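S.K.: Here you go, work05.txt (compact mmCIF, C-alpha atoms):
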```
# COMPACT_ATOMS: atom_id res chain seq x y z
CA GLN A 1 1.51 18.90 9.21
CA LEU A 2 1.54 16.40 12.09
CA MET A 3 -0.86 14.11 10.27
CA ASP A 4 1.50 14.22 7.30
CA GLN A 5 4.36 13.17 9.57
CA ALA A 6 2.35 10.34 11.13
CA ASP A 7 1.31 9.18 7.67
CA SER A 8 4.91 9.36 6.50
CA LEU A 9 5.97 7.27 9.49
CA ASN A 10 3.39 4.62 8.61
CA VAL A 11 4.45 4.58 4.97
CA SER A 12 8.17 4.58 5.71
CA PHE A 13 7.80 1.77 8.23
CA SER A 14 5.07 -0.22 6.51
CA ASP A 15 7.02 -3.40 7.22
CA ILE A 16 6.65 -2.82 10.95
CA ASN A 17 2.93 -2.22 10.51
CA GLU A 18 2.65 -5.52 8.62
CA PHE A 19 4.39 -7.40 11.42
CA ALA A 20 2.22 -5.56 13.97
CA ALA A 21 -0.86 -7.05 12.34
CA ASN A 22 0.28 -10.35 13.88
CA CYS A 23 0.34 -9.00 17.44
CA GLN A 24 -2.02 -10.58 19.93
CA PHE A 25 -3.07 -7.20 21.33
CA ARG A 26 -4.26 -4.21 19.30
CA ASP A 27 -2.53 -1.76 21.63
CA CYS A 28 0.77 -3.64 21.57
CA THR A 29 3.78 -1.37 22.17
CA HIS A 30 6.17 -3.90 20.61
CA LYS A 31 8.38 -3.76 23.68
CA LYS A 32 7.46 -6.63 26.00
CA GLU A 33 3.98 -7.95 25.27
CA PRO A 34 3.52 -11.68 24.68
CA ASN A 35 2.84 -12.84 21.13
CA CYS A 36 4.07 -9.60 19.58
CA GLY A 37 4.41 -9.92 15.82
CA VAL A 38 7.11 -7.26 15.67
CA LEU A 39 9.30 -8.83 18.36
CA SER A 40 8.81 -12.22 16.71
CA ALA A 41 10.03 -10.73 13.43
CA ILE A 42 13.16 -9.48 15.20
CA GLU A 43 13.76 -12.90 16.76
CA ASP A 44 13.30 -14.56 13.35
CA GLY A 45 15.69 -12.13 11.68
CA ALA A 46 12.97 -10.73 9.42
CA LEU A 47 13.27 -7.28 11.02
CA ASP A 48 16.38 -5.47 12.21
CA GLU A 49 16.13 -4.23 15.80
CA ALA A 50 17.84 -0.98 14.80
CA ARG A 51 14.98 -0.30 12.39
CA LEU A 52 12.45 -0.75 15.19
CA ASN A 53 14.48 1.61 17.38
CA SER A 54 14.41 4.22 14.59
CA TYR A 55 10.65 3.78 14.38
CA PHE A 56 10.31 4.36 18.14
CA LYS A 57 12.54 7.44 17.96
CA LEU A 58 10.48 9.01 15.19
CA GLN A 59 7.26 8.15 17.02
CA LYS A 60 8.56 10.02 20.08
CA GLU A 61 9.55 13.03 17.99
CA ILE A 62 6.12 13.23 16.39
CA ALA A 63 4.42 12.88 19.78
CA TYR A 64 6.62 15.64 21.19
CA MET A 65 5.80 17.97 18.31
CA GLU A 66 2.11 17.20 18.69
CA LYS A 67 2.23 17.95 22.42
CA LYS A 68 4.16 21.14 21.76
CA THR A 69 1.60 22.44 19.25
CA ASN A 70 -1.36 21.60 21.51
```
As structure tokens - that is how I would like this structure written.
M.R.:
Amino acid sequence: QLMDQADSLNVSFSDINEFAANCQFRDCTHKKEPNCGVLSAIEDGALDEARLNSYFKLQKEIAYMEKKTN
């Protein structure tokens, strides 16, 4: 079930994943790293910051559920 949720997150936020492909670092958290494709998209107006915050919130919820089941 958790894999389904992680997959759903990636599908639902595919735009963020596309912007993330432009990040300088593979392990970019999209919070403060230099040359972050996601933060650049927010600065350019191509991505709404509220959408990124929703993405982070759902990521946390999935991580919590995963930790709880392990």
S.K.: In file coordinates, which residues lie within 12 Å of (1.4, -7.1, 19.1) using only C-alpha atoms, given as a list in words?
M.R.: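 Returned residue set, sorted by chain then number, is Ile16, Asn17, Glu18, Phe19, Ala20, Ala21, Asn22, Cys23, Gln24, Phe25, Arg26, Asp27, Cys28, Thr29, His30, Lys31, Lys32, Glu33, Pro34, Asn35, Cys36, Gly37, Val38, Leu39, Ser40 and Ala41 of chain A.
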S.K.: What is the CA of Ser54 (chain A) to CA of Asp15 (chain A) distance in Å?
M.R.: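 Between CA of Ser54 (chain A) and CA of Asp15 (chain A) the gap is 12.9 Å.
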S.K.: What's the separation between CA of Ser12 (chain A) and CA of Glu49 (chain A), in Å to one decimal place?
M.R.: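 Calculated distance between CA of Ser12 (chain A) and CA of Glu49 (chain A) is 15.6 Å.
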S.K.: Between CA of Ala50 (chain A) and CA of Lys67 (chain A), what is the spacing in Å?
M.R.: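 Going from CA of Lys67 (chain A) over to CA of Ala50 (chain A), I get 25.7 Å.
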S.K.: From the list A:Ser14, A:Arg51, A:Asp44, A:Gln5, which residue is nearest Ala63 (chain A) when using all atoms listed in the file?
M.R.: A:Gln5
S.K.: Kindly indicate which residue among A:Asp48, A:Lys57, A:Tyr64, A:Thr69 lies nearest to Leu9 (chain A), using only C-alpha atoms for the distances.
M.R.: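 Looking at the shortest contact to Leu9 (chain A), the residue is A:Lys57.
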S.K.: Using all atoms listed in the file, which residue out of A:Lys68, A:Ile42, A:Ile62, A:Tyr55 lies closest to Asp4 (chain A)?
M.R.: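 For Asp4 (chain A), the nearest of the given residues is A:Ile62.
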S.K.: Which is closest to Ala6 (chain A) among A:Gln59, A:Leu52, A:Glu43, A:Met65, if we use all atoms listed in the file?
M.R.: A:Gln59
